[in-house]
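Student: To be precise about what I am sending: the file is called data.pdb and holds PDB, C-alpha atoms.
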```pdb
ATOM      1  CA  MET A   1      -3.085  -3.093-106.455
ATOM      2  CA  GLN A   2      -5.074  -1.522-109.238
ATOM      3  CA  GLU A   3      -8.518  -2.645-110.209
ATOM      4  CA  ASN A   4      -7.514  -3.611-113.780
ATOM      5  CA  ASN A   5      -5.146  -6.200-112.333
ATOM      6  CA  ARG A   6      -8.112  -8.342-111.260
ATOM      7  CA  ILE A   7     -10.521 -10.456-113.252
ATOM      8  CA  ASN A   8     -13.776 -11.051-111.368
ATOM      9  CA  ASN A   9     -11.770 -10.937-108.142
ATOM     10  CA  ILE A  10     -10.652 -14.519-108.895
ATOM     11  CA  GLU A  11      -7.309 -14.153-110.623
ATOM     12  CA  PHE A  12      -4.547 -11.554-110.461
ATOM     13  CA  ILE A  13      -3.447 -10.478-113.940
ATOM     14  CA  PRO A  14      -0.389  -8.188-114.033
ATOM     15  CA  GLN A  15      -0.886  -5.262-116.404
ATOM     16  CA  PHE A  16       1.812  -3.158-118.058
ATOM     17  CA  GLU A  17       1.581   0.573-117.359
ATOM     18  CA  LYS A  18       3.134   3.385-119.397
ATOM     19  CA  SER A  19       4.562   4.795-116.164
ATOM     20  CA  PHE A  20       6.966   1.830-116.070
ATOM     21  CA  LEU A  21       8.961   3.650-118.786
ATOM     22  CA  HIS A  22       9.633   6.600-116.460
ATOM     23  CA  PRO A  23      13.308   7.200-115.615
ATOM     24  CA  ARG A  24      12.688   6.253-111.988
ATOM     25  CA  TYR A  25      12.278   2.656-113.162
ATOM     26  CA  TRP A  26      15.347   2.551-115.408
ATOM     27  CA  GLY A  27      17.391   0.937-112.641
ATOM     28  CA  VAL A  28      14.919  -1.936-112.464
ATOM     29  CA  TRP A  29      15.013  -2.398-116.240
ATOM     30  CA  LEU A  30      18.808  -2.389-116.138
ATOM     31  CA  GLY A  31      18.785  -5.041-113.403
ATOM     32  CA  VAL A  32      16.387  -7.210-115.405
ATOM     33  CA  GLY A  33      18.567  -6.866-118.475
ATOM     34  CA  LEU A  34      21.662  -7.897-116.537
ATOM     35  CA  MET A  35      19.839 -10.929-115.133
ATOM     36  CA  ALA A  36      18.789 -11.943-118.643
ATOM     37  CA  LEU A  37      22.380 -11.603-119.854
ATOM     38  CA  ALA A  38      23.674 -13.581-116.875
ATOM     39  CA  SER A  39      21.309 -16.426-117.770
ATOM     40  CA  LEU A  40      22.770 -16.824-121.280
ATOM     41  CA  PRO A  41      26.023 -18.706-120.474
ATOM     42  CA  PRO A  42      25.815 -22.408-119.582
ATOM     43  CA  ALA A  43      24.989 -22.945-115.903
ATOM     44  CA  ARG A  44      28.223 -24.823-115.229
ATOM     45  CA  PHE A  45      30.131 -21.705-116.319
ATOM     46  CA  ARG A  46      28.024 -19.041-114.646
ATOM     47  CA  ASP A  47      27.386 -20.776-111.295
ATOM     48  CA  PRO A  48      30.915 -20.277-109.830
ATOM     49  CA  LEU A  49      30.817 -16.604-110.806
ATOM     50  CA  LEU A  50      27.362 -16.143-109.309
ATOM     51  CA  ALA A  51      28.455 -17.905-106.113
ATOM     52  CA  SER A  52      31.399 -15.537-105.760
ATOM     53  CA  LEU A  53      29.141 -12.545-106.386
ATOM     54  CA  GLY A  54      26.603 -13.796-103.851
ATOM     55  CA  ARG A  55      29.210 -14.329-101.131
ATOM     56  CA  THR A  56      30.563 -10.834-101.730
ATOM     57  CA  VAL A  57      27.090  -9.311-101.451
ATOM     58  CA  GLY A  58      26.542 -11.357 -98.296
ATOM     59  CA  LYS A  59      29.546  -9.720 -96.655
ATOM     60  CA  VAL A  60      28.259  -6.174 -97.227
ATOM     61  CA  ALA A  61      24.510  -6.796 -96.736
ATOM     62  CA  LYS A  62      24.846  -6.319 -93.002
ATOM     63  CA  SER A  63      21.142  -6.129 -92.082
ATOM     64  CA  ALA A  64      20.238  -9.274 -94.010
ATOM     65  CA  ARG A  65      23.290 -11.106 -92.652
ATOM     66  CA  ARG A  66      22.387 -10.103 -89.091
ATOM     67  CA  ARG A  67      18.849 -11.502 -89.496
ATOM     68  CA  ALA A  68      20.289 -14.761 -90.794
ATOM     69  CA  ARG A  69      22.733 -14.926 -87.876
ATOM     70  CA  ILE A  70      19.940 -14.397 -85.351
ATOM     71  CA  ASN A  71      17.694 -16.999 -86.990
ATOM     72  CA  LEU A  72      20.438 -19.610 -87.086
ATOM     73  CA  LEU A  73      21.615 -18.847 -83.556
ATOM     74  CA  LEU A  74      18.111 -19.371 -82.161
ATOM     75  CA  CYS A  75      17.170 -22.298 -84.416
ATOM     76  CA  LEU A  76      20.479 -24.165 -84.446
ATOM     77  CA  PRO A  77      22.418 -23.153 -81.304
ATOM     78  CA  ASP A  78      24.332 -26.437 -81.210
ATOM     79  CA  LEU A  79      26.220 -25.491 -84.350
ATOM     80  CA  SER A  80      29.442 -23.572 -83.904
ATOM     81  CA  GLU A  81      29.609 -19.946 -84.986
ATOM     82  CA  GLN A  82      31.918 -21.008 -87.804
ATOM     83  CA  GLN A  83      29.374 -23.569 -89.034
ATOM     84  CA  ARG A  84      26.569 -20.995 -88.962
ATOM     85  CA  GLU A  85      28.699 -18.476 -90.838
ATOM     86  CA  GLN A  86      29.430 -21.106 -93.485
ATOM     87  CA  ILE A  87      25.708 -21.765 -93.918
ATOM     88  CA  ILE A  88      25.133 -18.036 -94.401
ATOM     89  CA  ASP A  89      27.953 -17.747 -96.948
ATOM     90  CA  ASP A  90      26.587 -20.747 -98.849
ATOM     91  CA  MET A  91      23.078 -19.272 -98.684
ATOM     92  CA  PHE A  92      24.227 -16.018-100.276
ATOM     93  CA  ALA A  93      26.048 -18.065-102.933
ATOM     94  CA  CYS A  94      22.898 -20.071-103.654
ATOM     95  CA  ALA A  95      20.589 -17.054-103.962
ATOM     96  CA  PRO A  96      21.831 -15.596-107.283
ATOM     97  CA  GLN A  97      22.232 -19.073-108.796
ATOM     98  CA  SER A  98      18.552 -19.816-108.165
ATOM     99  CA  MET A  99      17.456 -16.364-109.325
ATOM    100  CA  ILE A 100      19.358 -16.640-112.595
ATOM    101  CA  LEU A 101      17.928 -20.110-113.169
ATOM    102  CA  MET A 102      14.496 -18.483-112.904
ATOM    103  CA  ALA A 103      15.649 -15.825-115.391
ATOM    104  CA  GLU A 104      16.735 -18.608-117.747
ATOM    105  CA  LEU A 105      13.321 -20.242-117.415
ATOM    106  CA  ALA A 106      11.675 -16.864-118.060
ATOM    107  CA  ARG A 107      13.500 -16.243-121.350
ATOM    108  CA  SER A 108      13.694 -19.786-122.758
ATOM    109  CA  LYS A 109      11.583 -22.857-123.348
ATOM    110  CA  ALA A 110      10.721 -24.918-120.294
ATOM    111  CA  GLU A 111      12.115 -28.085-121.901
ATOM    112  CA  LYS A 112      15.638 -26.684-121.639
ATOM    113  CA  VAL A 113      15.363 -26.344-117.858
ATOM    114  CA  LEU A 114      13.275 -29.482-117.330
ATOM    115  CA  LYS A 115      16.193 -31.533-118.667
ATOM    116  CA  ARG A 116      18.150 -30.422-115.594
ATOM    117  CA  VAL A 117      15.421 -31.224-113.039
ATOM    118  CA  ASP A 118      15.340 -34.310-110.811
ATOM    119  CA  TRP A 119      11.965 -35.108-109.210
ATOM    120  CA  HIS A 120      12.314 -37.047-105.958
ATOM    121  CA  GLY A 121       8.944 -38.515-105.000
ATOM    122  CA  ALA A 122       7.227 -38.106-108.366
ATOM    123  CA  GLU A 123       5.443 -41.394-107.681
ATOM    124  CA  ILE A 124       3.576 -39.630-104.846
ATOM    125  CA  LEU A 125       2.081 -37.183-107.342
ATOM    126  CA  ASP A 126       1.265 -39.996-109.763
ATOM    127  CA  LYS A 127      -0.685 -41.786-107.038
ATOM    128  CA  ILE A 128      -2.574 -38.614-106.091
ATOM    129  CA  ARG A 129      -3.510 -38.063-109.748
ATOM    130  CA  GLN A 130      -4.796 -41.619-110.006
ATOM    131  CA  GLU A 131      -6.926 -41.054-106.900
ATOM    132  CA  GLY A 132      -8.332 -37.841-108.346
ATOM    133  CA  ARG A 133      -7.470 -35.798-105.257
ATOM    134  CA  ASN A 134      -6.983 -32.058-105.109
ATOM    135  CA  VAL A 135      -3.519 -30.905-104.038
ATOM    136  CA  ILE A 136      -2.047 -28.096-101.972
ATOM    137  CA  PHE A 137       1.743 -28.064-101.842
ATOM    138  CA  LEU A 138       3.315 -26.959 -98.565
ATOM    139  CA  VAL A 139       6.510 -25.211 -99.712
ATOM    140  CA  PRO A 140       9.053 -23.580 -97.370
ATOM    141  CA  HIS A 141      10.760 -20.375 -98.468
ATOM    142  CA  GLY A 142      13.701 -21.604-100.499
ATOM    143  CA  TRP A 143      15.596 -19.455-102.974
ATOM    144  CA  ALA A 144      14.166 -21.504-105.851
ATOM    145  CA  VAL A 145      10.651 -21.471-104.394
ATOM    146  CA  ASP A 146       8.839 -20.317-107.572
ATOM    147  CA  LEU A 147      10.466 -22.806-109.925
ATOM    148  CA  PRO A 148       8.545 -26.019-109.104
ATOM    149  CA  ALA A 149       5.180 -24.320-109.647
ATOM    150  CA  MET A 150       6.329 -22.888-112.983
ATOM    151  CA  LEU A 151       7.754 -26.243-114.096
ATOM    152  CA  LEU A 152       4.595 -28.109-113.115
ATOM    153  CA  ALA A 153       2.530 -25.571-115.053
ATOM    154  CA  ALA A 154       4.857 -25.968-118.035
ATOM    155  CA  SER A 155       4.287 -29.729-117.826
ATOM    156  CA  GLY A 156       0.530 -29.259-118.158
ATOM    157  CA  GLN A 157      -0.619 -29.196-114.530
ATOM    158  CA  PRO A 158      -2.800 -26.133-113.740
ATOM    159  CA  MET A 159      -1.313 -24.325-110.729
ATOM    160  CA  ALA A 160      -2.640 -21.673-108.339
ATOM    161  CA  ALA A 161      -0.480 -19.690-105.935
ATOM    162  CA  MET A 162      -0.908 -16.925-103.386
ATOM    163  CA  PHE A 163       1.608 -14.088-103.195
ATOM    164  CA  HIS A 164       2.359 -10.741-101.583
ATOM    165  CA  ASN A 165       2.520  -7.713-103.872
ATOM    166  CA  GLN A 166       5.971  -6.122-104.103
ATOM    167  CA  SER A 167       6.318  -2.497-103.018
ATOM    168  CA  ASN A 168       7.867  -1.541-106.371
ATOM    169  CA  PRO A 169       5.082  -1.706-109.015
ATOM    170  CA  LEU A 170       7.433  -2.593-111.874
ATOM    171  CA  VAL A 171       9.134  -5.374-109.893
ATOM    172  CA  ASP A 172       5.680  -6.662-108.958
ATOM    173  CA  TYR A 173       4.608  -6.625-112.607
ATOM    174  CA  LEU A 174       7.719  -8.337-113.966
ATOM    175  CA  TRP A 175       7.917 -10.974-111.243
ATOM    176  CA  ASN A 176       4.297 -11.994-111.696
ATOM    177  CA  VAL A 177       4.539 -11.995-115.495
ATOM    178  CA  VAL A 178       7.377 -14.508-115.138
ATOM    179  CA  ARG A 179       5.389 -16.596-112.641
ATOM    180  CA  ARG A 180       2.465 -16.757-115.085
ATOM    181  CA  LYS A 181       4.548 -17.562-118.171
ATOM    182  CA  PHE A 182       3.320 -21.157-118.414
ATOM    183  CA  GLY A 183      -0.228 -20.513-117.217
ATOM    184  CA  GLY A 184      -1.942 -21.039-113.897
ATOM    185  CA  ARG A 185      -3.491 -18.524-111.545
ATOM    186  CA  LEU A 186      -2.037 -15.996-109.139
ATOM    187  CA  HIS A 187      -4.000 -14.805-106.107
ATOM    188  CA  ALA A 188      -2.949 -11.694-104.192
ATOM    189  CA  ARG A 189      -3.089 -12.192-100.426
ATOM    190  CA  ASN A 190      -4.891  -8.890 -99.968
ATOM    191  CA  ASP A 191      -7.761 -10.331-102.041
ATOM    192  CA  GLY A 192      -8.353 -12.919 -99.314
ATOM    193  CA  ILE A 193      -8.200 -16.704 -99.290
ATOM    194  CA  LYS A 194     -11.491 -17.445-101.101
ATOM    195  CA  PRO A 195     -10.191 -17.088-104.685
ATOM    196  CA  PHE A 196      -7.356 -19.515-103.889
ATOM    197  CA  ILE A 197      -9.808 -22.013-102.393
ATOM    198  CA  SER A 198     -12.019 -21.696-105.464
ATOM    199  CA  SER A 199      -9.103 -22.489-107.771
ATOM    200  CA  VAL A 200      -8.073 -25.577-105.790
ATOM    201  CA  ARG A 201     -11.658 -26.831-105.788
ATOM    202  CA  GLN A 202     -11.656 -26.451-109.584
ATOM    203  CA  GLY A 203      -8.643 -28.753-109.883
ATOM    204  CA  TYR A 204      -5.747 -26.316-109.805
ATOM    205  CA  TRP A 205      -2.922 -27.557-107.624
ATOM    206  CA  GLY A 206      -2.343 -25.003-104.895
ATOM    207  CA  TYR A 207       0.968 -23.590-103.698
ATOM    208  CA  TYR A 208       1.106 -22.551-100.043
ATOM    209  CA  LEU A 209       4.106 -21.130 -98.159
ATOM    210  CA  PRO A 210       3.788 -22.159 -94.481
ATOM    211  CA  ASP A 211       6.637 -20.284 -92.809
ATOM    212  CA  GLN A 212       5.576 -16.652 -93.044
ATOM    213  CA  ASP A 213       4.968 -14.780 -89.793
ATOM    214  CA  HIS A 214       1.326 -13.627 -89.759
ATOM    215  CA  GLY A 215       1.326 -12.306 -86.204
ATOM    216  CA  ALA A 216      -0.071 -13.757 -82.990
ATOM    217  CA  GLU A 217      -3.827 -13.327 -83.452
ATOM    218  CA  HIS A 218      -4.538 -16.457 -85.512
ATOM    219  CA  SER A 219      -1.221 -18.261 -84.997
ATOM    220  CA  GLU A 220      -0.053 -20.916 -82.570
ATOM    221  CA  PHE A 221       3.279 -20.721 -80.772
ATOM    222  CA  VAL A 222       4.896 -24.077 -81.492
ATOM    223  CA  ASP A 223       8.410 -25.490 -81.681
ATOM    224  CA  PHE A 224      10.572 -24.643 -84.669
ATOM    225  CA  PHE A 225      13.995 -26.267 -84.504
ATOM    226  CA  ALA A 226      15.459 -25.237 -81.101
ATOM    227  CA  THR A 227      13.170 -22.229 -80.624
ATOM    228  CA  TYR A 228       9.479 -21.554 -81.310
ATOM    229  CA  LYS A 229       7.584 -19.748 -84.017
ATOM    230  CA  ALA A 230       4.180 -18.130 -84.508
ATOM    231  CA  THR A 231       2.683 -20.566 -87.020
ATOM    232  CA  LEU A 232      -0.646 -20.245 -88.816
ATOM    233  CA  PRO A 233      -2.381 -23.671 -88.822
ATOM    234  CA  ALA A 234      -4.260 -22.806 -91.998
ATOM    235  CA  VAL A 235      -3.511 -25.998 -93.936
ATOM    236  CA  GLY A 236      -5.829 -27.959 -91.656
ATOM    237  CA  ARG A 237      -8.791 -25.845 -92.691
ATOM    238  CA  LEU A 238      -7.647 -25.636 -96.315
ATOM    239  CA  MET A 239      -7.405 -29.408 -96.432
ATOM    240  CA  LYS A 240     -11.025 -29.715 -95.338
ATOM    241  CA  VAL A 241     -12.638 -26.994 -97.445
ATOM    242  CA  CYS A 242     -10.636 -27.893-100.561
ATOM    243  CA  LYS A 243     -10.770 -31.664 -99.981
ATOM    244  CA  ALA A 244      -7.085 -31.602-100.814
ATOM    245  CA  ALA A 245      -3.974 -33.596-100.044
ATOM    246  CA  ILE A 246      -1.344 -31.428 -98.312
ATOM    247  CA  VAL A 247       1.947 -32.370 -99.980
ATOM    248  CA  PRO A 248       5.276 -31.008 -98.631
ATOM    249  CA  LEU A 249       7.720 -29.943-101.365
ATOM    250  CA  PHE A 250      11.112 -28.232-101.442
ATOM    251  CA  PRO A 251      13.431 -27.266-104.344
ATOM    252  CA  VAL A 252      17.221 -27.570-103.986
ATOM    253  CA  TYR A 253      19.649 -26.150-106.545
ATOM    254  CA  ASN A 254      22.917 -28.089-106.776
ATOM    255  CA  SER A 255      25.576 -25.762-108.171
ATOM    256  CA  LYS A 256      28.085 -28.613-108.527
ATOM    257  CA  THR A 257      25.868 -30.399-111.037
ATOM    258  CA  SER A 258      23.860 -27.343-112.182
ATOM    259  CA  ARG A 259      20.681 -29.337-111.602
ATOM    260  CA  LEU A 260      17.522 -28.595-109.648
ATOM    261  CA  ALA A 261      16.264 -31.294-107.292
ATOM    262  CA  ILE A 262      12.610 -31.127-106.232
ATOM    263  CA  TYR A 263      11.852 -33.162-103.119
ATOM    264  CA  ILE A 264       8.267 -34.309-102.557
ATOM    265  CA  ARG A 265       7.099 -35.950 -99.345
ATOM    266  CA  PRO A 266       3.994 -38.069 -98.659
ATOM    267  CA  PRO A 267       0.742 -36.158 -98.065
ATOM    268  CA  MET A 268      -0.033 -35.084 -94.512
ATOM    269  CA  ASP A 269      -3.135 -37.241 -94.205
ATOM    270  CA  ASP A 270      -2.960 -37.243 -90.404
ATOM    271  CA  LEU A 271      -4.041 -33.586 -90.156
ATOM    272  CA  PRO A 272      -7.844 -34.127 -89.780
ATOM    273  CA  ALA A 273      -7.315 -35.884 -86.447
ATOM    274  CA  LEU A 274      -5.225 -33.019 -84.996
ATOM    275  CA  ASP A 275      -6.094 -29.772 -83.220
ATOM    276  CA  ASP A 276      -4.663 -26.419 -84.314
ATOM    277  CA  VAL A 277      -1.615 -26.628 -82.051
ATOM    278  CA  ALA A 278      -0.704 -30.071 -83.350
ATOM    279  CA  ILE A 279      -1.343 -29.008 -86.959
ATOM    280  CA  ALA A 280       0.983 -26.025 -86.559
ATOM    281  CA  ARG A 281       3.690 -28.236 -85.090
ATOM    282  CA  ARG A 282       3.270 -30.798 -87.898
ATOM    283  CA  MET A 283       3.748 -28.022 -90.423
ATOM    284  CA  ASN A 284       6.976 -26.935 -88.751
ATOM    285  CA  GLN A 285       8.162 -30.535 -88.560
ATOM    286  CA  GLU A 286       7.742 -30.867 -92.306
ATOM    287  CA  VAL A 287       9.629 -27.615 -92.878
ATOM    288  CA  GLU A 288      12.449 -28.844 -90.625
ATOM    289  CA  HIS A 289      12.575 -32.182 -92.430
ATOM    290  CA  LEU A 290      12.683 -30.567 -95.866
ATOM    291  CA  ILE A 291      15.325 -27.916 -95.224
ATOM    292  CA  SER A 292      17.643 -29.650 -92.739
ATOM    293  CA  PRO A 293      19.673 -31.577 -95.368
ATOM    294  CA  ASN A 294      20.241 -28.358 -97.355
ATOM    295  CA  LEU A 295      20.201 -25.489 -94.877
ATOM    296  CA  GLU A 296      21.883 -23.113 -97.317
ATOM    297  CA  GLN A 297      18.841 -23.293 -99.630
ATOM    298  CA  TYR A 298      16.533 -21.659 -97.062
ATOM    299  CA  THR A 299      15.912 -17.894 -96.900
ATOM    300  CA  TRP A 300      17.285 -17.327 -93.408
ATOM    301  CA  ILE A 301      17.286 -13.561 -94.026
ATOM    302  CA  LEU A 302      13.503 -13.372 -93.429
ATOM    303  CA  LYS A 303      12.087 -12.207 -90.094
ATOM    304  CA  LEU A 304      10.907 -15.721 -89.345
ATOM    305  CA  LEU A 305      10.802 -15.246 -85.580
ATOM    306  CA  LYS A 306       9.405 -11.713 -85.379
ATOM    307  CA  THR A 307       6.271 -12.508 -83.330
ATOM    308  CA  ARG A 308       7.134 -13.539 -79.778
ATOM    309  CA  LYS A 309       5.170 -14.418 -76.695
ATOM    310  CA  THR A 310       3.974 -11.638 -74.371
ATOM    311  CA  GLY A 311       6.867 -10.041 -72.550
ATOM    312  CA  GLU A 312       9.550 -11.161 -74.969
ATOM    313  CA  ILE A 313      11.459  -8.731 -77.167
ATOM    314  CA  GLU A 314      11.515  -9.304 -80.908
ATOM    315  CA  PRO A 315      14.957 -10.857 -81.547
ATOM    316  CA  TYR A 316      15.788  -8.546 -84.449
ATOM    317  CA  SER A 317      15.398  -5.540 -82.121
ATOM    318  CA  ARG A 318      17.637  -6.965 -79.402
ATOM    319  CA  HIS A 319      21.057  -5.395 -78.969
ATOM    320  CA  ASP A 320      22.574  -8.506 -77.398
ATOM    321  CA  LEU A 321      22.131 -10.591 -80.556
TER     322      LEU A 321
END
```
Just give me the structure as structure tokens.
Tutor:
Amino acid sequence: MQENNRINNIEFIPQFEKSFLHPRYWGVWLGVGLMALASLPPARFRDPLLASLGRTVGKVAKSARRRARINLLLCLPDLSEQQREQIIDDMFACAPQSMILMAELARSKAEKVLKRVDWHGAEILDKIRQEGRNVIFLVPHGWAVDLPAMLLAASGQPMAAMFHNQSNPLVDYLWNVVRRKFGGRLHARNDGIKPFISSVRQGYWGYYLPDQDHGAEHSEFVDFFATYKATLPAVGRLMKVCKAAIVPLFPVYNSKTSRLAIYIRPPMDDLPALDDVAIARRMNQEVEHLISPNLEQYTWILKLLKTRKTGEIEPYSRHDL
């Protein structure tokens, strides 16, 4: 990350660079242009085509499909192989639909997309506002993960989110420009947690993704579906230092209705009484509760289970899976 992308080490501001016009980036520009074009037709028309495209890509993306198979086998072994394969096919169908919805939001007014959004649990947020509490959303990795934060920002709520920089500088620039379209703050993870905490304390509603694998050093090994996962119990400390309500949230894109449902659950107010192990397990329980009704919406292609206990082989390196 370059120094001119920071302002007082508080906020990440993506900056355009002349080098982005170099021929080596033309493929990225072409891809962005195609996404913009794909977002022009009505969603009810484009969604079946995008689903077909996604399923086709899912058949040839062997590495990603293998990671999804391993994750589902370990997390949901009671499902038949046919059921797991169907979830994976539906996941690949969902991915481009959610991405193109984000492209539509990026090129149009928020009101157009907000008309197709259903908020489930909006009364929870109303109550929190009335109480004057700070908020940190606990949001599992769904394909539409960025959309709720953008829509909340477009509705007037200041938002703050942490993110990982992309390896491709132009992709990183474009993605974060889209994320910031309606305002709010972005905080790069390699700048540390303090800028994010500062924003939440100032009244920005935070956005925290709980299911990333951060290694064993600061994580707890706790149950995750039928297996276990290295889980960072950070929300317990964030809750205390930010004096914030931890509110689980998950977006679900329904291609049959071309509408986005955003599910909000009651705040995790029991966390202060728990130790780190129990906090980590509570986080995973919320993730399980949010994604179980719509398994295809979750990004099963991630290396969710990479960190294992001493003596165990990383599942993605095993030849028997």
Student: Residues at most 9 Å from Ala110 in chain A, counting only C-alpha atoms, excluding those fewer than 6 positions away in the same chain, as a list in words?
Tutor: Met150, Leu151, Ala154, Ser155 and Phe182 of chain A
Student: One decimal, in Å: what's the spacing between CA of Thr257 in chain A and CA of Ala93 in chain A?
Tutor: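 Spanning CA of Thr257 in chain A to CA of Ala93 in chain A is a straight-line distance of 14.8 Å.
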Student: Rank nothing, just name the residue among A:Asp213, A:Pro148, A:Arg189, A:His141 nearest to Ile291 in chain A, using only C-alpha atoms.
Tutor: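 Nearest to Ile291 in chain A: A:His141.
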Student: Enclose all atoms of range 266-272 of chain A listed in the file in an axis-aligned box, grow every side by 5 Å, and hand back centre and edge lengths in Å to one decimal, as AutoDock Vina command-line options.
Tutor:
```
--center_x -1.9 --center_y -35.8 --center_z -94.2 --size_x 21.8 --size_y 14.5 --size_z 18.9
```
Student: Using the chain letters and numbers from this file, what does the PyMOL selection byres ((chain A and resi 269) around 12) select? Give the answer as a list in words.
Tutor: Ile128, Arg133, Val135, Val235, Gly236, Met239, Lys240, Lys243, Ala244, Ala245, Ile246, Val247, Pro248, Arg265, Pro266, Pro267, Met268, Asp270, Leu271, Pro272, Ala273, Leu274, Ile279 and Arg282 of chain A
Student: Can you work out which one of A:Gln157, A:Ser292, A:Thr231, A:Ser258 has the shortest atom-to-atom distance to Asp47 in chain A, counting all atoms listed in the file?
Tutor: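 Comparing A:Gln157, A:Ser292, A:Thr231, A:Ser258 against Asp47 in chain A, the winner is A:Ser258.
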Student: Pick the closest to Ile136 in chain A from A:Gln212, A:Ser199, A:Gln166, A:Gln83: which is it, counting only C-alpha atoms?
Tutor: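 Checking each of A:Gln212, A:Ser199, A:Gln166, A:Gln83 against Ile136 in chain A, counting only C-alpha atoms, the winner is A:Ser199.
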Student: Do you have the CA of Gly206 in chain A-CA of Ala95 in chain A distance handy?
Tutor: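 About the pair CA of Gly206 in chain A and CA of Ala95 in chain A: they are 24.3 Å apart.
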Student: Let me make sure I understand: among A:Tyr316, A:Tyr228, A:Ile301, A:Pro96, which one has the smallest atom-to-atom distance to Cys75 in chain A if we use only C-alpha atoms?
Tutor: A:Tyr228
Student: Do you know which residues the PyMOL selection byres ((chain A and resi 304) around 10) returns on this file, as a ChimeraX atom specification?
Tutor: /A:67-68,70-71,211-214,229-231,299-303,305-307,316
Student: Please list as a list in words every residue within 7 Å of range 114-125 of chain A, counting only C-alpha atoms and excluding residues in the same chain fewer than 4 positions away.
Tutor: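 Listing them by chain and then by number gives Ala110, Arg129, Arg259, Leu260, Ala261, Ile262, Tyr263, Ile264, Arg265 and Pro266 of chain A.
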Student: Determine, counting only C-alpha atoms, which protein, DNA and RNA residues have an atom within 12 Å of an atom of Leu53 in chain A; residues of the same chain fewer than 5 positions away are not included. Present the result as a list of chain:residue names.
Tutor: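 The filter keeps A:Ala38, A:Arg46, A:Asp47, A:Pro48, A:Gly58, A:Lys59, A:Val60, A:Asp89, A:Asp90, A:Met91, A:Phe92, A:Ala93, A:Cys94, A:Ala95, A:Pro96, A:Gln97.
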Student: Using all atoms listed in the file, which residue out of A:Phe137, A:Lys194, A:Arg107, A:Gln297 lies closest to Leu40 in chain A?
Tutor: A:Arg107
Student: Would you compute the distance between CA of Met35 in chain A and CA of Leu105 in chain A? Give it in Å to one decimal.
Tutor: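 Result for CA of Met35 in chain A versus CA of Leu105 in chain A: 11.6 Å, one decimal.
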Student: On this structure, which residues satisfy the PyMOL selection byres ((chain A and resi 204) around 6), written as a VMD selection string?
Tutor: chain A and resid 158 to 160 199 to 200 202 to 203 205
Student: Of the residues A:Phe250, A:Phe225, A:Pro233, A:Leu321, which is the one nearest to Pro77 in chain A, using all atoms listed in the file?
Tutor: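 Under the stated criterion, the closest residue is A:Phe225.
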Student: If you count all atoms listed in the file, which residues fall within 9 Å of Leu72 in chain A, apart from same-chain ones fewer than 6 positions away, as a PyMOL selection string?
Tutor: chain A and resi 79+84+87-88+300
